file input_18.csv (CSV, C-alpha atoms and all ligand atoms)
chain,number,residue,atom,x,y,z
U,1,MET,CA,-4.2,6.5,2.8
U,2,GLN,CA,-5.9,3.1,2.7
U,3,THR,CA,-5.0,-0.3,1.2
U,4,GLY,CA,-7.8,-2.8,0.6
U,5,ILE,CA,-6.9,-6.4,1.2
U,6,ILE,CA,-8.6,-8.7,-1.3
U,7,GLY,CA,-8.4,-12.4,-2.5
U,8,LEU,CA,-10.2,-15.6,-2.7
U,9,PRO,CA,-11.7,-17.2,0.4
U,10,GLN,CA,-9.3,-19.0,2.8
U,11,VAL,CA,-6.0,-17.6,1.5
U,12,GLY,CA,-5.0,-15.7,4.6
U,13,LYS,CA,-6.5,-12.2,4.2
U,14,THR,CA,-7.7,-11.9,7.7
U,15,SER,CA,-4.5,-13.4,9.1
U,16,LEU,CA,-2.6,-10.8,7.1
U,17,PHE,CA,-4.8,-8.0,8.3
U,18,ARG,CA,-4.2,-9.1,11.9
U,19,ILE,CA,-0.4,-9.3,11.4
U,20,LEU,CA,-0.2,-5.9,9.8
U,21,THR,CA,-2.5,-4.0,12.1
U,22,ARG,CA,-1.8,-6.1,15.2
U,23,THR,CA,-5.5,-6.2,16.0
U,24,ARG,CA,-7.4,-9.3,16.9
U,25,VAL,CA,-10.3,-10.1,14.6
U,26,GLU,CA,-11.6,-13.6,14.2
U,27,ALA,CA,-10.4,-15.6,11.2
U,28,SER,CA,-13.7,-16.3,9.5
U,29,ARG,CA,-14.7,-19.5,7.6
U,30,GLY,CA,-15.5,-18.3,4.1
U,31,ALA,CA,-18.9,-16.7,4.5
U,32,PRO,CA,-19.2,-13.1,3.4
U,33,ASN,CA,-18.2,-10.9,6.3
U,34,GLN,CA,-18.1,-7.3,7.2
U,35,ALA,CA,-15.1,-5.2,6.4
U,36,HIS,CA,-12.5,-4.6,9.1
U,37,VAL,CA,-10.5,-1.4,9.1
U,38,GLY,CA,-7.2,-1.2,11.0
U,39,ILE,CA,-4.1,1.0,11.2
U,40,ALA,CA,-0.5,-0.1,10.8
U,41,LYS,CA,2.6,1.7,12.0
U,42,VAL,CA,5.1,2.1,9.1
U,43,PRO,CA,8.4,0.6,10.4
U,44,ASP,CA,11.1,3.2,10.0
U,45,ALA,CA,14.7,2.4,11.2
U,46,ARG,CA,15.6,6.1,10.6
U,47,VAL,CA,13.2,7.3,13.3
U,48,ALA,CA,14.4,4.5,15.7
U,49,LYS,CA,18.0,5.4,15.2
U,50,LEU,CA,17.5,9.1,15.6
U,51,ALA,CA,15.5,8.5,18.7
U,52,GLU,CA,18.4,6.6,20.2
U,53,VAL,CA,20.5,9.7,19.9
U,54,PHE,CA,17.9,12.4,20.6
U,55,LYS,CA,16.1,10.5,23.4
U,56,PRO,CA,12.8,12.3,22.8
U,57,LYS,CA,9.9,12.0,25.1
U,58,LYS,CA,7.8,10.7,22.3
U,59,ILE,CA,8.4,8.7,19.1
U,60,THR,CA,5.7,8.8,16.4
U,61,TYR,CA,5.7,6.7,13.3
U,62,ALA,CA,3.9,7.2,10.0
U,63,THR,CA,0.7,5.0,9.6
U,64,ILE,CA,-1.3,3.5,6.9
U,65,GLU,CA,-4.8,2.0,7.0
U,66,TYR,CA,-5.7,-1.5,5.8
U,67,VAL,CA,-9.2,-2.8,5.1
U,68,ASP,CA,-10.1,-6.5,5.1
U,69,ILE,CA,-13.2,-6.8,3.0
U,70,GLY,CA,-13.8,-10.5,3.2
U,71,GLY,CA,-13.4,-13.1,0.4
U,72,LEU,CA,-14.6,-12.7,-3.1
U,73,GLN,CA,-17.5,-14.9,-3.9
U,74,LYS,CA,-18.2,-17.2,-6.8
U,75,ASP,CA,-21.5,-15.3,-7.3
U,76,ARG,CA,-20.7,-12.2,-9.4
U,77,GLU,CA,-23.6,-10.1,-8.0
U,78,LYS,CA,-22.5,-10.6,-4.4
U,79,ASN,CA,-19.0,-9.7,-5.5
U,80,SER,CA,-20.1,-6.3,-6.8
U,81,ALA,CA,-21.5,-5.5,-3.4
U,82,SER,CA,-18.4,-6.6,-1.5
U,83,LEU,CA,-16.2,-4.6,-3.9
U,84,VAL,CA,-17.9,-1.4,-3.0
U,85,PRO,CA,-15.7,-0.6,0.0
U,86,LEU,CA,-12.7,-1.1,-2.2
U,87,ARG,CA,-13.6,1.9,-4.4
U,88,GLU,CA,-12.5,4.1,-1.5
U,89,ALA,CA,-9.1,2.4,-1.2
U,90,ASP,CA,-6.0,4.1,-2.6
U,91,ALA,CA,-4.3,0.8,-3.3
U,92,LEU,CA,-5.1,-2.9,-3.3
U,93,ALA,CA,-3.2,-5.9,-1.7
U,94,HIS,CA,-4.2,-9.2,-3.3
U,95,VAL,CA,-3.3,-12.2,-1.0
U,96,VAL,CA,-2.4,-15.1,-3.2
U,97,ARG,CA,-2.3,-18.5,-1.5
U,98,LEU,CA,0.8,-20.7,-2.0
U,99,PHE,CA,0.7,-22.6,1.3
U,100,GLU,CA,-0.7,-26.1,1.4
U,101,ASN,CA,-3.0,-26.9,4.3
U,102,PRO,CA,-5.3,-29.9,3.9
U,103,ALA,CA,-7.3,-28.8,7.0
U,104,VAL,CA,-8.2,-25.5,5.2
U,105,PRO,CA,-9.0,-26.5,1.6
U,106,HIS,CA,-8.6,-24.0,-1.2
U,107,GLU,CA,-12.0,-23.5,-2.9
U,108,ALA,CA,-10.5,-24.6,-6.3
U,109,GLY,CA,-9.1,-27.8,-4.7
U,110,THR,CA,-5.5,-27.1,-5.8
U,111,ILE,CA,-2.9,-24.4,-5.3
U,112,ASP,CA,-2.1,-22.3,-8.4
U,113,ALA,CA,-0.9,-18.8,-7.9
U,114,LEU,CA,-1.3,-17.6,-11.5
U,115,ARG,CA,-4.8,-19.0,-11.8
U,116,ASP,CA,-5.9,-17.2,-8.7
U,117,ILE,CA,-4.2,-13.9,-9.7
U,118,VAL,CA,-6.0,-14.0,-13.1
U,119,SER,CA,-9.3,-14.9,-11.6
U,120,VAL,CA,-9.3,-12.0,-9.2
U,121,ASP,CA,-7.9,-9.6,-11.8
U,122,ILE,CA,-10.7,-10.5,-14.1
U,123,GLU,CA,-13.3,-9.9,-11.4
U,124,LEU,CA,-11.9,-6.3,-10.9
U,125,ILE,CA,-11.7,-5.8,-14.7
U,126,LEU,CA,-15.3,-6.8,-15.2
U,127,ASN,CA,-16.4,-4.5,-12.4
U,128,ASP,CA,-14.6,-1.5,-14.1
U,129,LEU,CA,-15.9,-2.6,-17.5
U,130,GLU,CA,-19.5,-2.6,-16.3
U,131,GLN,CA,-19.0,1.0,-14.9
U,132,THR,CA,-17.3,2.1,-18.1
U,133,ALA,CA,-20.0,0.7,-20.3
U,134,LYS,CA,-22.8,2.3,-18.3
U,135,ARG,CA,-21.2,5.7,-18.4
U,136,ILE,CA,-20.4,5.4,-22.2
U,137,GLU,CA,-24.0,4.7,-22.9
U,138,ARG,CA,-25.1,7.7,-20.9
U,139,VAL,CA,-22.6,10.0,-22.5
U,140,GLU,CA,-23.5,8.9,-26.0
U,141,LYS,CA,-27.1,9.5,-25.3
U,142,ASP,CA,-26.4,13.1,-24.1
U,143,LEU,CA,-24.1,13.8,-27.1
U,144,LYS,CA,-26.9,12.9,-29.5
U,145,LYS,CA,-29.0,15.6,-27.9
U,146,LYS,CA,-26.3,18.3,-27.8
U,147,LYS,CA,-22.6,18.7,-28.9
U,148,ASP,CA,-20.3,19.1,-25.9
U,149,PRO,CA,-16.5,19.1,-26.3
U,150,GLN,CA,-16.0,18.2,-22.7
U,151,LEU,CA,-18.3,15.1,-23.0
U,152,GLU,CA,-16.6,14.2,-26.3
U,153,ALA,CA,-13.2,14.2,-24.5
U,154,GLU,CA,-14.6,12.0,-21.7
U,155,LEU,CA,-16.1,9.6,-24.3
U,156,ALA,CA,-12.7,9.3,-26.0
U,157,VAL,CA,-10.9,8.4,-22.7
U,158,LEU,CA,-13.6,6.0,-21.6
U,159,ASN,CA,-13.5,4.2,-24.9
U,160,ARG,CA,-9.8,3.8,-24.5
U,161,CYS,CA,-10.4,2.4,-21.0
U,162,ARG,CA,-13.1,0.0,-22.4
U,163,GLN,CA,-10.7,-1.2,-25.1
U,164,ALA,CA,-8.0,-2.0,-22.6
U,165,LEU,CA,-10.4,-3.7,-20.1
U,166,GLU,CA,-11.9,-5.8,-22.9
U,167,ALA,CA,-8.3,-6.9,-23.7
U,168,GLU,CA,-8.0,-7.8,-20.0
U,169,THR,CA,-5.5,-5.0,-19.3
U,170,PRO,CA,-5.9,-3.3,-15.9
U,171,LEU,CA,-6.2,0.5,-16.2
U,172,ARG,CA,-3.1,1.0,-14.1
U,173,GLU,CA,-1.0,-0.1,-17.1
U,174,LEU,CA,-2.4,2.8,-19.2
U,175,GLU,CA,-0.9,6.2,-19.3
U,176,PHE,CA,-3.2,9.2,-19.0
U,177,LYS,CA,-2.7,12.9,-19.5
U,178,PRO,CA,-3.3,15.0,-16.4
U,179,GLU,CA,-6.7,16.3,-17.8
U,180,GLU,CA,-7.7,12.7,-18.5
U,181,GLU,CA,-6.7,11.6,-15.0
U,182,LYS,CA,-9.0,14.3,-13.8
U,183,MET,CA,-11.9,13.0,-15.8
U,184,LEU,CA,-11.3,9.5,-14.5
U,185,THR,CA,-10.9,10.3,-10.8
U,186,GLY,CA,-14.6,10.2,-9.9
U,187,PHE,CA,-15.0,6.6,-11.2
U,188,MET,CA,-12.6,5.2,-8.6
U,189,PHE,CA,-11.8,2.4,-11.0
U,190,LEU,CA,-10.5,-0.7,-9.1
U,191,THR,CA,-7.9,-1.6,-11.8
U,192,ARG,CA,-6.4,1.9,-11.7
U,193,LYS,CA,-5.3,1.4,-8.1
U,194,PRO,CA,-1.7,0.4,-7.5
U,195,MET,CA,-1.6,-3.4,-6.8
U,196,LEU,CA,0.5,-5.3,-4.3
U,197,TYR,CA,0.4,-9.1,-4.8
U,198,VAL,CA,1.2,-10.8,-1.5
U,199,LEU,CA,2.4,-14.3,-2.0
U,200,ASN,CA,1.4,-16.3,1.1
U,201,LEU,CA,4.0,-19.1,1.3
U,202,SER,CA,4.4,-22.3,3.4
U,203,ASP,CA,6.9,-22.2,6.2
U,204,ASP,CA,9.3,-24.5,4.4
U,205,GLU,CA,9.8,-21.9,1.7
U,206,ALA,CA,11.1,-19.3,4.1
U,207,PRO,CA,14.8,-20.0,3.3
U,208,GLU,CA,14.2,-19.4,-0.4
U,209,ILE,CA,11.9,-16.4,0.0
U,210,ASP,CA,14.1,-14.3,-2.3
U,211,ARG,CA,13.7,-16.7,-5.2
U,212,VAL,CA,10.0,-17.4,-5.1
U,213,VAL,CA,9.1,-14.8,-7.7
U,214,GLU,CA,11.2,-16.7,-10.2
U,215,LYS,CA,10.1,-20.1,-8.9
U,216,TYR,CA,6.5,-19.3,-9.6
U,217,HIS,CA,7.2,-17.5,-12.8
U,218,LEU,CA,5.8,-14.1,-11.7
U,219,GLU,CA,8.7,-11.9,-12.9
U,220,LYS,CA,6.5,-10.4,-15.6
U,221,LEU,CA,3.8,-9.5,-13.1
U,222,ALA,CA,6.4,-7.9,-10.8
U,223,SER,CA,7.7,-5.7,-13.6
U,224,LYS,CA,4.3,-4.1,-14.5
U,225,PRO,CA,3.7,-0.4,-13.7
U,226,GLN,CA,2.4,0.4,-10.2
U,227,THR,CA,2.6,-3.3,-9.3
U,228,ALA,CA,4.7,-5.0,-6.6
U,229,VAL,CA,5.0,-8.6,-5.6
U,230,VAL,CA,6.0,-9.4,-2.0
U,231,PRO,CA,6.4,-13.0,-0.7
U,232,PHE,CA,5.8,-13.7,2.9
U,233,CYS,CA,5.1,-16.6,5.2
U,234,GLY,CA,1.8,-16.0,6.8
U,235,LYS,CA,2.0,-18.6,9.5
U,236,ILE,CA,5.5,-17.6,10.7
U,237,GLU,CA,4.6,-13.9,10.7
U,238,ALA,CA,1.5,-14.6,12.8
U,239,GLU,CA,3.8,-16.4,15.3
U,240,LEU,CA,6.4,-13.6,15.2
U,241,ALA,CA,3.7,-11.0,15.9
U,242,GLU,CA,3.1,-12.7,19.3
U,243,LEU,CA,6.8,-12.4,20.4
U,244,ASP,CA,9.0,-9.7,21.8
U,245,ASP,CA,11.8,-8.3,19.6
U,246,ALA,CA,14.5,-10.6,20.9
U,247,GLU,CA,12.4,-13.8,20.6
U,248,ALA,CA,11.3,-12.8,17.2
U,249,ALA,CA,14.8,-12.3,16.0
U,250,GLU,CA,15.7,-15.7,17.3
U,251,MET,CA,12.8,-17.3,15.5
U,252,MET,CA,13.5,-15.6,12.2
U,253,LYS,CA,17.0,-16.9,12.4
U,254,ALA,CA,15.7,-20.5,13.0
U,255,TYR,CA,13.5,-20.2,9.9
U,256,GLY,CA,16.3,-18.6,7.8
U,257,LEU,CA,14.5,-15.3,7.4
U,258,ALA,CA,16.7,-12.3,7.0
U,259,GLU,CA,14.1,-9.6,7.7
U,260,SER,CA,10.5,-9.2,8.9
U,261,GLY,CA,7.9,-9.9,6.2
U,262,ARG,CA,5.6,-7.6,8.0
U,263,ASP,CA,8.0,-4.7,7.7
U,264,ARG,CA,8.7,-5.5,4.0
U,265,LEU,CA,5.0,-5.6,3.3
U,266,ILE,CA,4.1,-2.3,5.0
U,267,GLN,CA,7.0,-0.5,3.4
U,268,ALA,CA,6.0,-1.9,0.0
U,269,SER,CA,2.4,-0.6,0.3
U,270,TYR,CA,3.7,2.7,1.5
U,271,ARG,CA,5.9,3.0,-1.6
U,272,LEU,CA,3.2,1.8,-3.9
U,273,LEU,CA,0.9,4.5,-2.6
U,274,GLY,CA,3.5,7.1,-3.7
U,275,LEU,CA,4.3,8.1,-0.2
U,276,ILE,CA,7.5,9.2,1.5
U,277,SER,CA,8.3,10.4,4.9
U,278,PHE,CA,10.1,13.5,6.1
U,279,LEU,CA,11.2,13.6,9.7
U,280,THR,CA,11.2,16.1,12.6
U,281,CYS,CA,13.5,15.5,15.4
U,282,GLY,CA,13.9,17.2,18.8
U,283,GLU,CA,13.6,16.7,22.5
U,284,PRO,CA,9.9,16.5,22.7
U,285,GLU,CA,9.4,14.2,19.7
U,286,CYS,CA,11.0,12.3,16.9
U,287,ARG,CA,8.4,11.8,14.2
U,288,ALA,CA,7.9,10.6,10.6
U,289,TRP,CA,5.4,12.6,8.6
U,290,THR,CA,3.7,11.2,5.5
U,291,ILE,CA,3.7,13.2,2.3
U,292,GLU,CA,3.2,12.4,-1.4
U,293,ARG,CA,6.4,12.0,-3.3
U,294,GLY,CA,7.4,15.1,-5.2
U,295,ILE,CA,5.7,17.8,-3.1
U,296,THR,CA,7.5,21.0,-2.0
U,297,ALA,CA,8.7,22.1,1.4
U,298,GLN,CA,5.8,24.5,1.8
U,299,GLU,CA,3.2,21.9,0.9
U,300,ALA,CA,5.0,19.4,3.3
U,301,ALA,CA,4.7,21.9,6.1
U,302,GLY,CA,0.9,21.5,5.8
U,303,ALA,CA,1.3,17.9,7.0
U,304,ILE,CA,2.2,19.4,10.4
U,305,HIS,CA,-0.1,22.4,10.5
U,306,SER,CA,-1.9,24.5,8.0
U,307,ASP,CA,-0.6,27.7,9.8
U,308,ILE,CA,3.0,26.6,9.2
U,309,GLN,CA,2.3,26.1,5.6
U,310,LYS,CA,0.5,29.5,5.3
U,311,ASN,CA,3.3,31.4,7.2
U,312,PHE,CA,6.2,29.4,5.7
U,313,ILE,CA,9.5,31.4,5.5
U,314,LYS,CA,12.3,28.8,5.0
U,315,ALA,CA,13.1,25.3,5.9
U,316,ASP,CA,16.3,24.0,7.5
U,317,VAL,CA,16.9,20.6,5.9
U,318,VAL,CA,19.4,17.9,6.8
U,319,ASN,CA,19.6,14.3,5.6
U,320,TRP,CA,18.7,12.0,8.5
U,321,GLU,CA,22.0,10.1,8.3
U,322,ASP,CA,24.1,13.3,8.3
U,323,LEU,CA,22.2,14.4,11.4
U,324,LEU,CA,22.7,11.0,13.1
U,325,LYS,CA,26.4,11.1,12.4
U,326,ALA,CA,26.7,14.7,13.6
U,327,GLY,CA,24.8,13.9,16.8
U,328,SER,CA,22.9,17.3,17.0
U,329,PHE,CA,21.5,20.0,14.8
U,330,ALA,CA,24.2,22.4,16.0
U,331,ALA,CA,27.0,19.9,15.1
U,332,ALA,CA,25.4,19.2,11.7
U,333,ARG,CA,25.2,22.9,11.0
U,334,GLU,CA,28.9,23.3,11.9
U,335,LYS,CA,29.7,20.6,9.4
U,336,ALA,CA,27.6,22.5,6.8
U,337,ARG,CA,25.2,19.6,6.5
U,338,VAL,CA,22.1,21.8,7.1
U,339,ARG,CA,20.8,23.5,4.1
U,340,LEU,CA,18.5,26.5,4.1
U,341,GLU,CA,15.8,25.7,1.5
U,342,GLY,CA,12.9,27.9,0.1
U,343,LYS,CA,9.3,27.0,-0.4
U,344,ASP,CA,9.8,25.3,-3.8
U,345,TYR,CA,12.4,22.8,-2.5
U,346,VAL,CA,11.2,19.3,-3.4
U,347,VAL,CA,11.3,17.2,-0.2
U,348,GLU,CA,13.2,14.0,-0.2
U,349,ASP,CA,12.5,10.8,1.6
U,350,GLY,CA,14.4,10.9,4.9
U,351,ASP,CA,14.9,14.7,5.1
U,352,VAL,CA,14.9,16.0,8.6
U,353,ILE,CA,13.2,19.4,8.5
U,354,LEU,CA,12.9,22.4,10.8
U,355,PHE,CA,10.4,24.9,9.5
U,356,ARG,CA,10.8,28.6,10.0
U,357,HIS,CA,7.5,30.4,9.9
U,358,SER,CA,6.0,33.6,11.0
U,359,GLY,CA,3.0,34.1,13.2
P,401,LIG,N1,-0.6,-23.2,6.9
P,401,LIG,C1,-1.0,-21.9,6.8
P,401,LIG,N2,-2.3,-21.7,7.1
P,401,LIG,C2,-2.8,-20.4,7.0
P,401,LIG,C3,-1.9,-19.4,6.6
P,401,LIG,N3,-2.6,-18.3,6.5
P,401,LIG,C4,-3.9,-18.6,7.0
P,401,LIG,N4,-3.9,-19.9,7.3
P,401,LIG,C5,-5.1,-20.6,7.8
P,401,LIG,O1,-6.1,-20.5,6.8
P,401,LIG,C6,-7.4,-20.3,7.4
P,401,LIG,C7,-8.0,-19.1,6.7
P,401,LIG,O2,-7.3,-17.9,7.1
P,401,LIG,P1,-7.9,-16.5,7.0
P,401,LIG,O3,-6.9,-15.5,7.3
P,401,LIG,O4,-9.2,-16.4,7.8
P,401,LIG,O5,-8.3,-16.5,5.4
P,401,LIG,P2,-9.3,-15.5,4.7
P,401,LIG,O6,-10.5,-16.3,4.4
P,401,LIG,O7,-8.6,-15.2,3.4
P,401,LIG,O8,-9.5,-14.3,5.5
P,401,LIG,C8,-7.1,-20.1,8.9
P,401,LIG,O9,-7.5,-21.3,9.5
P,401,LIG,C9,-5.7,-19.8,9.0
P,401,LIG,O10,-5.1,-20.3,10.2
P,401,LIG,C10,-0.5,-19.7,6.2
P,401,LIG,O11,0.2,-18.8,5.8
P,401,LIG,N5,-0.2,-21.0,6.4
P,402,MG,MG,-11.3,-13.4,6.2

call {"tool": "encode", "arguments": {"input": "input_18.csv", "output": "structure tokens", "more": "lines below"}}
Ligand SMILES: Nc1nc2c(ncn2[C@@H]2O[C@H](COP(=O)(O)OP(=O)(O)O)[C@@H](O)[C@H]2O)c(=O)[nH]1
Ligand SMILES: [Mg+2]
result
Amino acid sequence: MQTGIIGLPQVGKTSLFRILTRTRVEASRGAPNQAHVGIAKVPDARVAKLAEVFKPKKITYATIEYVDIGGLQKDREKNSASLVPLREADALAHVVRLFENPAVPHEAGTIDALRDIVSVDIELILNDLEQTAKRIERVEKDLKKKKDPQLEAELAVLNRCRQALEAETPLRELEFKPEEEKMLTGFMFLTRKPMLYVLNLSDDEAPEIDRVVEKYHLEKLASKPQTAVVPFCGKIEAELAELDDAEAAEMMKAYGLAESGRDRLIQASYRLLGLISFLTCGEPECRAWTIERGITAQEAAGAIHSDIQKNFIKADVVNWEDLLKAGSFAAAREKARVRLEGKDYVVEDGDVILFRHSG
């Protein structure tokens, strides 16, 4: 699962990418640049705590991918090209600049979060609109030649999309029936992807980080469907990324930060992608496995191995905290905390699972 990082030039996209993926790519100076792809570990205190008790040989966290596509250009045609890699992304993270830095001027000359949010949203909307209009034209032509109920259904849903887009509404705010969803999948519309707005704050706003959404009047944005707003202090986080845990904790305290912005951001994108983790825990390995929210125990088994899914019999399931308190599977079982679940059990975030399978 991949999240595409977007935004205007010089807002901190590449800095964010480096913080999230802990890779070193050069911060570029505006010019269109190639896309970088990197992987971030999803921080998970549950895995860390279980590992303290189980002392496994190996600890494995869930991961998600981020792509830094480079800044959006003023030139619309160039934009269309740089937006192409985004079609493949499962969600978008729009970095919005709130920090002042005279050495790195904002292309608009001033700092205005809402203005930037609207201008990038419009860019995405226009891109989807162009695609919708093209397809509508094509379908209408075909329908003139021959009646086709399937095409008529597609035309109806596309017209609804066009109407929304013309009213500057991103498609993620529309509700579609499952059969409509299916028709739309192939288009990979940008405004249908879940959106994370990352507010890149100045250092001096760190102590009031919990209040910035109100401060910049972004509550309405945050309450939209499949949308999240996460503030973070890019410069501080970049410094934190260079430190070991103890030093980082010290520095966060000095800035008045209660938790790591990096952790919050990654967890927010994980949630926005509709992902949860189930855990496996034993002597060889404590591990978080990524699954889509709402899938069954048998489907979840496929995350580990297709054979386990195919030969699924039952699943021993215990909540991670119950397991932690009990100290071992045997003790959790004695306390009747371990449930035997069948293939249709819907897995919950934080379930520790032991799959029973044949073959
Ligand atoms: N003061 C401040 N400067 C930043 C911050 N984030 C990025 N910068 C600086 O802004 C410039 C552009 O950053 P970069 O991440 O390359 O932006 P991009 O063009 O959006 O990829 C660099 O010189 C960064 O050091 C921040 O949070 N605070
Ligand atoms: Mg960049």

call {"tool": "residues_around", "arguments": {"input": "input_18.csv", "residues": "range 166-172 of chain U", "least_positions_apart": "6", "cutoff": "8 Å", "atoms": "only C-alpha atoms", "output": "JSON, numbers by chain"}}
result
{"U": [121, 122, 125, 129, 189, 191, 192, 193, 194, 225, 226]}

call {"tool": "atom_distance", "arguments": {"input": "input_18.csv", "atom1": "CA of Leu174 in chain U", "atom2": "CA of Lys220 in chain U"}}
result
16.3 Å

call {"tool": "closest_residue", "arguments": {"input": "input_18.csv", "among": "U:Leu126, U:Leu190, U:Ile6, U:Cys281", "to": "Val317 in chain U", "atoms": "all atoms listed in the file"}}
result
U:Cys281

call {"tool": "atom_distance", "arguments": {"input": "input_18.csv", "atom1": "CA of Gly70 in chain U", "atom2": "CA of Glu292 in chain U"}}
result
28.9 Å

call {"tool": "atom_distance", "arguments": {"input": "input_18.csv", "atom1": "CA of Glu219 in chain U", "atom2": "CA of Ala268 in chain U"}}
result
16.5 Å

call {"tool": "residues_around", "arguments": {"input": "input_18.csv", "residues": "Asp203 in chain U", "least_positions_apart": "2", "cutoff": "6 Å", "atoms": "only C-alpha atoms", "output": "JSON, numbers by chain"}}
result
{"U": [205, 206, 233]}

call {"tool": "residues_near_point", "arguments": {"input": "input_18.csv", "point": "(24.0, 15.3, 11.3)", "cutoff": "10 Å", "atoms": "all atoms listed in the file", "output": "VMD selection string"}}
result
chain U and resid 50 318 to 338 352

call {"tool": "closest_atom_pairs", "arguments": {"input": "input_18.csv", "of": "range 111-205 of chain U", "to": "range 242-263 of chain U", "cutoff": "12 Å", "atoms": "only C-alpha atoms", "output": "tab-separated table"}}
result
residue	atom	partner	partner_atom	distance
U:Val198	CA	U:Gly261	CA	10.2
U:Leu199	CA	U:Gly261	CA	10.8
U:Asn200	CA	U:Gly261	CA	10.5
U:Leu201	CA	U:Gly261	CA	11.1
U:Ser202	CA	U:Tyr255	CA	11.4
U:Asp203	CA	U:Tyr255	CA	7.8
U:Asp204	CA	U:Tyr255	CA	8.1
U:Glu205	CA	U:Tyr255	CA	9.2

call {"tool": "residues_near_ligand", "arguments": {"input": "input_18.csv", "ligand": "ligand LIG 401 (chain P)", "cutoff": "8 Å", "atoms": "all atoms listed in the file", "output": "JSON list (two decimals) with C-alpha atoms, in the coordinates of the input"}}
result
[["chain", "number", "residue", "atom", "x", "y", "z"],
["U", 7, "GLY", "CA", -8.40, -12.40, -2.50],
["U", 8, "LEU", "CA", -10.20, -15.60, -2.70],
["U", 9, "PRO", "CA", -11.70, -17.20, 0.40],
["U", 10, "GLN", "CA", -9.30, -19.00, 2.80],
["U", 11, "VAL", "CA", -6.00, -17.60, 1.50],
["U", 12, "GLY", "CA", -5.00, -15.70, 4.60],
["U", 13, "LYS", "CA", -6.50, -12.20, 4.20],
["U", 14, "THR", "CA", -7.70, -11.90, 7.70],
["U", 15, "SER", "CA", -4.50, -13.40, 9.10],
["U", 16, "LEU", "CA", -2.60, -10.80, 7.10],
["U", 17, "PHE", "CA", -4.80, -8.00, 8.30],
["U", 26, "GLU", "CA", -11.60, -13.60, 14.20],
["U", 27, "ALA", "CA", -10.40, -15.60, 11.20],
["U", 28, "SER", "CA", -13.70, -16.30, 9.50],
["U", 29, "ARG", "CA", -14.70, -19.50, 7.60],
["U", 30, "GLY", "CA", -15.50, -18.30, 4.10],
["U", 68, "ASP", "CA", -10.10, -6.50, 5.10],
["U", 70, "GLY", "CA", -13.80, -10.50, 3.20],
["U", 71, "GLY", "CA", -13.40, -13.10, 0.40],
["U", 95, "VAL", "CA", -3.30, -12.20, -1.00],
["U", 97, "ARG", "CA", -2.30, -18.50, -1.50],
["U", 99, "PHE", "CA", 0.70, -22.60, 1.30],
["U", 100, "GLU", "CA", -0.70, -26.10, 1.40],
["U", 101, "ASN", "CA", -3.00, -26.90, 4.30],
["U", 103, "ALA", "CA", -7.30, -28.80, 7.00],
["U", 104, "VAL", "CA", -8.20, -25.50, 5.20],
["U", 200, "ASN", "CA", 1.40, -16.30, 1.10],
["U", 201, "LEU", "CA", 4.00, -19.10, 1.30],
["U", 202, "SER", "CA", 4.40, -22.30, 3.40],
["U", 203, "ASP", "CA", 6.90, -22.20, 6.20],
["U", 233, "CYS", "CA", 5.10, -16.60, 5.20],
["U", 234, "GLY", "CA", 1.80, -16.00, 6.80],
["U", 235, "LYS", "CA", 2.00, -18.60, 9.50],
["U", 236, "ILE", "CA", 5.50, -17.60, 10.70]]

call {"tool": "build_atoms", "arguments": {"input": "input_18.csv", "residues": "range 52-61 of chain U", "atoms": "N, CA and C atoms", "output": "short mmCIF file (atom, residue, chain, number, x, y, z; two decimals), in the frame of the given file"}}
result
data_model
loop_
_atom_site.label_atom_id
_atom_site.label_comp_id
_atom_site.auth_asym_id
_atom_site.auth_seq_id
_atom_site.Cartn_x
_atom_site.Cartn_y
_atom_site.Cartn_z
N GLU U 52 17.38 7.07 19.31
CA GLU U 52 18.40 6.60 20.20
C GLU U 52 19.38 7.73 20.60
N VAL U 53 19.62 8.63 19.65
CA VAL U 53 20.50 9.70 19.90
C VAL U 53 19.82 10.90 20.61
N PHE U 54 18.62 11.23 20.13
CA PHE U 54 17.90 12.40 20.60
C PHE U 54 17.13 12.15 21.91
N LYS U 55 16.89 10.88 22.19
CA LYS U 55 16.10 10.50 23.40
C LYS U 55 14.88 11.37 23.60
N PRO U 56 14.00 11.40 22.63
CA PRO U 56 12.80 12.30 22.80
C PRO U 56 11.83 11.67 23.75
N LYS U 57 10.90 12.52 24.22
CA LYS U 57 9.90 12.00 25.10
C LYS U 57 8.90 11.12 24.38
N LYS U 58 8.78 11.38 23.06
CA LYS U 58 7.80 10.70 22.30
C LYS U 58 8.33 10.28 20.93
N ILE U 59 7.98 9.10 20.45
CA ILE U 59 8.40 8.70 19.10
C ILE U 59 7.09 8.38 18.34
N THR U 60 6.96 9.00 17.17
CA THR U 60 5.70 8.80 16.40
C THR U 60 6.08 8.33 14.97
N TYR U 61 5.50 7.20 14.59
CA TYR U 61 5.70 6.70 13.30
C TYR U 61 4.61 7.06 12.31
#
